[in-house]
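Here is the structure we will look at.
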Protein chains: 2
Amino acid sequence: MENRHSTQVNTVMPELSRANKRPLYIQLFDYFTQEIKTKRLPYGCKLPSKRRLSAYLKVSLNTVDNAYQQLLAEGYVESRPRSGLFVIYRTEHLFPDGEKFRNKYPDTESEPQSDLIDFSHGKVDISHFPFQFFRKYSRWLFTEEGSCFFQNGHFQGLSALRREIAGYLYQSRGVISTPSQIAVGAGTQFLLSRLLSILPGQMPFAMENPGFHRVRSLVRDLGIPMADIPIEADGLAVDQIRRMDAGTVYVTPSHQFPLGMILPVSKRMALIEWANQNNNRWIIEDDYDGEFRYIGRPIPSLQGLDRGRSVIYLGTFSKSLIPSLRVSFMVLPVPLADCYKKRFSLYKQSASSLNQQLIREFMRNGDWEHHLNRMRTLYKQKHQAIIQAIHQYMDKAVAVIGEKAGLHLILQINSRMNEKELIAAALQEGVKVYPTSIYYAAGLKPEHPQILLGFAGLNGDEIGEGIRRLSLAWKK
Amino acid sequence: MENRHSTQVNTVMPELSRANKRPLYIQLFDYFTQEIKTKRLPYGCKLPSKRRLSAYLKVSLNTVDNAYQQLLAEGYVESRPRSGLFVIYRTEHLFPDGEKFRNKYPDTESEPQSDLIDFSHGKVDISHFPFQFFRKYSRWLFTEEGSCFFQNGHFQGLSALRREIAGYLYQSRGVISTPSQIAVGAGTQFLLSRLLSILPGQMPFAMENPGFHRVRSLVRDLGIPMADIPIEADGLAVDQIRRMDAGTVYVTPSHQFPLGMILPVSKRMALIEWANQNNNRWIIEDDYDGEFRYIGRPIPSLQGLDRGRSVIYLGTFSKSLIPSLRVSFMVLPVPLADCYKKRFSLYKQSASSLNQQLIREFMRNGDWEHHLNRMRTLYKQKHQAIIQAIHQYMDKAVAVIGEKAGLHLILQINSRMNEKELIAAALQEGVKVYPTSIYYAAGLKPEHPQILLGFAGLNGDEIGEGIRRLSLAWKK
């Protein structure tokens, strides 16, 4: 016997069509959800039996069963033993017109201007990304087997990844570490903010001038006093640090940011000597693009020279792979690693375990070394292309700075135009180039405007054409 | 004429085998890289011509050409016009024995004890994860087309994702926002640390007691004064906030963490009234598992009731999807959103753009709603299973708290054993359960031990068996 809430099979009138691309059972499911949401099938109502509905609609019992299973799984109906399926849906939506609300906000992600040649230093070459490996391996990650990486991982980062990093850093950069000294995080800026909270904060933080603005703003925002150390032709003026009574020095020895020189070994040794005179002195070595060096032999990292006593080494996969994986790391001296563990064990890891595992697997099976070799060759070609184009198109008023390593260089321009005018004139010709004045602390200014050109994201033709346009823009 | 560094073709002796699974050209490439790395083919040495080598090795010209192209691409050799290929490889490795170094550190990722039933509240159900969608879509992400998400995105998060979030929150939680009020980040703890740096810090930060320990430790680490507000049977003791002269209140109204009660509308209104009496009062609403409610009608969020004037709404995809995507978000009132933009535009986005885009696409094409419906049904079943098992196995000395919503509940136990003893006894029976004492600020203690049980990561059988074992453990 059916109660008054039961649905007569002849009131069920879905328009099922075999011509429709959606399977019949989905069409039936859609029909029922619509009926339930609009309360034509109200709460407590009983659905027709599978057998009767399949006979009535002239579809297979299987089709009806599949639709009903889906309704059960999504919580629209529940099964009561020996009596059938009943609607139990009450809208979960406080405001069912959310669709309309959402459409009020058009997609504002702006398309880049297509003809513009952008010498951005934040971009990397993505056309030579190891697509195939990442495609194949991410396919595996999203399976039952891979799902062991779905939950939260270790607060310092996956230990298997830290092991790969320790091995790689030793081999290629001479960095000496154990996996337990390594902390992984979502970007070097993020890791730096954590590091600053465990370093002594009273003594001035010595910063390269010019230097990385994202680090300068972080230190300023944290209210830590700062000392600006000038950059000489061969990098940081190490002898000036002593006078400043600094506690921590931030330095980019492999490729000074932004000016691009490589810190010579003599200055490296002097810096380490300074740090080792006192237990409260630390050096932060930011090796943001240390993988890419075009001229000369590799120089060991500061961390390696110091055997990891006073140097914190910062590295990232943003340049060697892609920025949007958001996986960076730092190598801490043992006492700082202990502080870090005490302080942050209650904080969750910020980098995605999925992305960490992708990188780990990529490093482990040797693809990493091939990839780095390929990218080094590729960037060397781009580097040659930009140097060659500069010689071809630019006149003597333009000097190249910091071109021995990394993914950007500086053009120092002896011109009537100032930095702003040079950038504006370039844009008129369809070329985007970048200022360096933003990297200088107030008070200091270079004699001639210095324009920053990143070349990693452009191909050889774009680089040549871009430099040609710049020469036109700046000749006027 | 060949110089003295050129390689005689009969000194090239690779062991090529067609039986080997690796293609011939890769075998040849491997042979040459080995010869180059060990300096048997030293720097400056010329490779045999393709034609001669192919004739000598009796392989196709194509095979030799492919191997040589690979050597070129990875920077082992360079091509000099009209004279051939020359070895230019100098080791990039400061310490070529990195492999040995790496193997010193065994993989320490520990395997979970297989028979252990773990009532962890940090886990979610992963067996019903939408594997297929994520597999298919991540496959697309790692193609030329998808590579537009490889570079850094907007510092607040992808605007298209923020648009989806705004629509969804309005529809399901009554949250009123525009995409420009939303900030995406790698975890709510991370977002909270940013939020605290733009909120007024002199007045006490009112915190639930007991409350989320990760928030308490963050506030303490930042040196912000704290006021502990007790939790009553129906949630936060709102009337006590007034006396504390607090500036900001942190609250989990949908499912108090850890005790699990739902804050009634009357208390919500009182809290909002308190905040709106003064421009410097803010409410932080952490809606960490607000999607899952089992009993009663949905209650609008505090943010919706307040129409977004004084409430900051925190949400995450860690519970509704998986923790390791590391994508959370907060909805800021307009004046705070302006502060946030000013303060953090120089900071890079911490959440992976790849993961953001995966979620965005999942939300956009309607799979999101189906997924939430399925998960709600699933968690409802697990919830019924745990309640039923408790009634079946536990005696009257055990009371259930906070079971109307969310992915965990509390067992309050009237026993001779204290919390530590209860947890140890459970572990003896192969069940891991969790303390609540760590969530209490010093000074306050519940009358009877309260044990926390998360059920999201277990299936129905494990839940039943776990509760059965607990009843044995605690009867002793």
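Each chain in the structure tokens gets a letter, A, B and so on, in the order shown; residues start at 1 in every chain, and ligands are counted from 1 in the order they appear.
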
(request) Based on DSSP run over this structure's backbone, return all residues of segment 263-414 of chain B in alpha helix (DSSP H), as a ChimeraX atom specification. (result) /B:265-276,302-305,334-344,353-364,367-393

(request) Enumerate the residues of segment 50-281 of chain B with a DSSP assignment of strand (DSSP E or B), computed from the backbone, and present them as JSON, numbers by chain. (result) {"B": [77, 78, 79, 80, 84, 85, 86, 87, 117, 118, 182, 183, 184, 185, 205, 206, 207, 208, 209, 226, 227, 228, 229, 230, 231, 232, 235, 236, 248, 249, 250, 251]}

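If only C-alpha atoms are the atoms counted, then among A:Ser320, A:Ser159, A:Ser350, A:Gln277 the closest residue to Phe190 of chain B is A:Ser350.
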
(message) At a cut-off of 8 Å, using only C-alpha atoms, what residues contact Ser415 of chain B? Leave out same-chain residues fewer than 3 positions from it and give the result as a list of chain:residue names.
(response)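 Using only C-alpha atoms, the neighbours found are B:Ala397, B:Asn418, B:His448.
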
Selection to disk with C-alpha atoms, as a compact mmCIF listing (two decimals), in the first residue's frame:
# COMPACT_ATOMS: atom_id res chain seq x y z
CA ALA B 397 29.71 6.52 31.27
CA ASN B 418 42.66 10.24 32.80
CA HIS B 448 35.84 14.57 32.60

(request) Report the distance between atom CA of Arg309 of chain B and atom CA of Asn276 of chain B in Å, rounded to one decimal place. (result)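 Taking atom CA of Arg309 of chain B and atom CA of Asn276 of chain B, their separation equals 7.9 Å.
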
Please identify all polymer residues within 12 Å of Asp115 of chain B, counting only C-alpha atoms, omitting same-chain residues fewer than 4 positions from it, and present them as a CSV table (one decimal) with C-alpha atoms, in the first residue's frame.
chain,number,residue,atom,x,y,z
B,111,GLU,CA,54.9,3.5,6.8
B,427,LEU,CA,46.7,2.4,21.5
B,428,GLN,CA,47.2,-1.0,23.3
B,429,GLU,CA,44.1,-2.2,21.4
B,430,GLY,CA,45.3,-0.8,18.1
B,431,VAL,CA,43.3,2.4,18.0
B,432,LYS,CA,44.6,5.9,17.8
B,462,GLU,CA,36.9,0.4,10.5
B,465,GLU,CA,35.7,-2.1,14.8
B,466,GLY,CA,37.5,0.9,16.2

(request) Give me the residues within 10 Å of Ile126 of chain B as a list of chain:residue names, counting only C-alpha atoms and dropping any in the same chain fewer than 2 places off. (result) A:Thr143, A:Glu144, A:Ser147, A:Cys148, A:Phe150, A:Gln151, B:Lys123, B:Val124, B:His128, B:Phe129, B:Pro130, B:Phe131, B:Leu321, B:Ile322, B:Ala456, B:Gly457, B:Leu458

(message) What's around segment 221-229 of chain B at 12 Å? Count only C-alpha atoms, leave out sequence neighbours fewer than 3 positions away in its own chain, and write the answer as a ChimeraX atom specification.
(response) /A:194,197-198,222,342-344,346-347 /B:192-197,199-218,232,235-251,439-444

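Atom CA of Gly153 of chain A to atom CA of Ala186 of chain A spans 13.6 Å [interatomic distance, one decimal].
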
(message) Could you check the closest approach to Arg376 of chain A for each of A:Glu419, A:Glu291, A:Asp234, A:Glu35 and tell me which residue wins, using only C-alpha atoms?
(response)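 Ranked by minimum distance to Arg376 of chain A, first place goes to A:Glu291.
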
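One finds atom CA of Phe86 of chain A at 14.9 Å from atom CA of Leu53 of chain A.
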
With only C-alpha atoms as the counted atoms, please give the residues lying no more than 8 Å from Lys348 of chain A, apart from itself and same-chain residues fewer than 4 positions off, as a tab-separated table (two decimals) with C-alpha atoms, in the first residue's frame.
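part.tsv, freshly written:
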chain	number	residue	atom	x	y	z
A	152	ASN	CA	49.04	16.60	4.89
A	154	HIS	CA	55.62	16.49	7.20
A	155	PHE	CA	55.73	20.12	8.36
B	187	GLY	CA	46.41	27.30	4.20
B	189	GLN	CA	47.03	29.43	9.15

(message) So, with only C-alpha atoms as the atoms that count, which of A:Leu409, A:Met13, A:Ile176, A:Leu85 lies closest to chain B?
(response) A:Ile176

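Candidate residues B:Met330, B:Leu71, B:Ala55, B:Val9 were compared for distance to chain A, and the nearest is B:Leu71, using only C-alpha atoms.
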
(request) May I ask which of the residues B:Ile413, B:Leu472, B:Val64, B:Leu72 is the closest one to chain A, counting only C-alpha atoms? (result)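 Closest to chain A of all the choices is B:Leu72.
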
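Distance annotation: of B:Gln357, B:Asn278, B:Gln132, B:Gln181, the residue with the minimal separation from chain A is B:Gln132; atom set is only C-alpha atoms.
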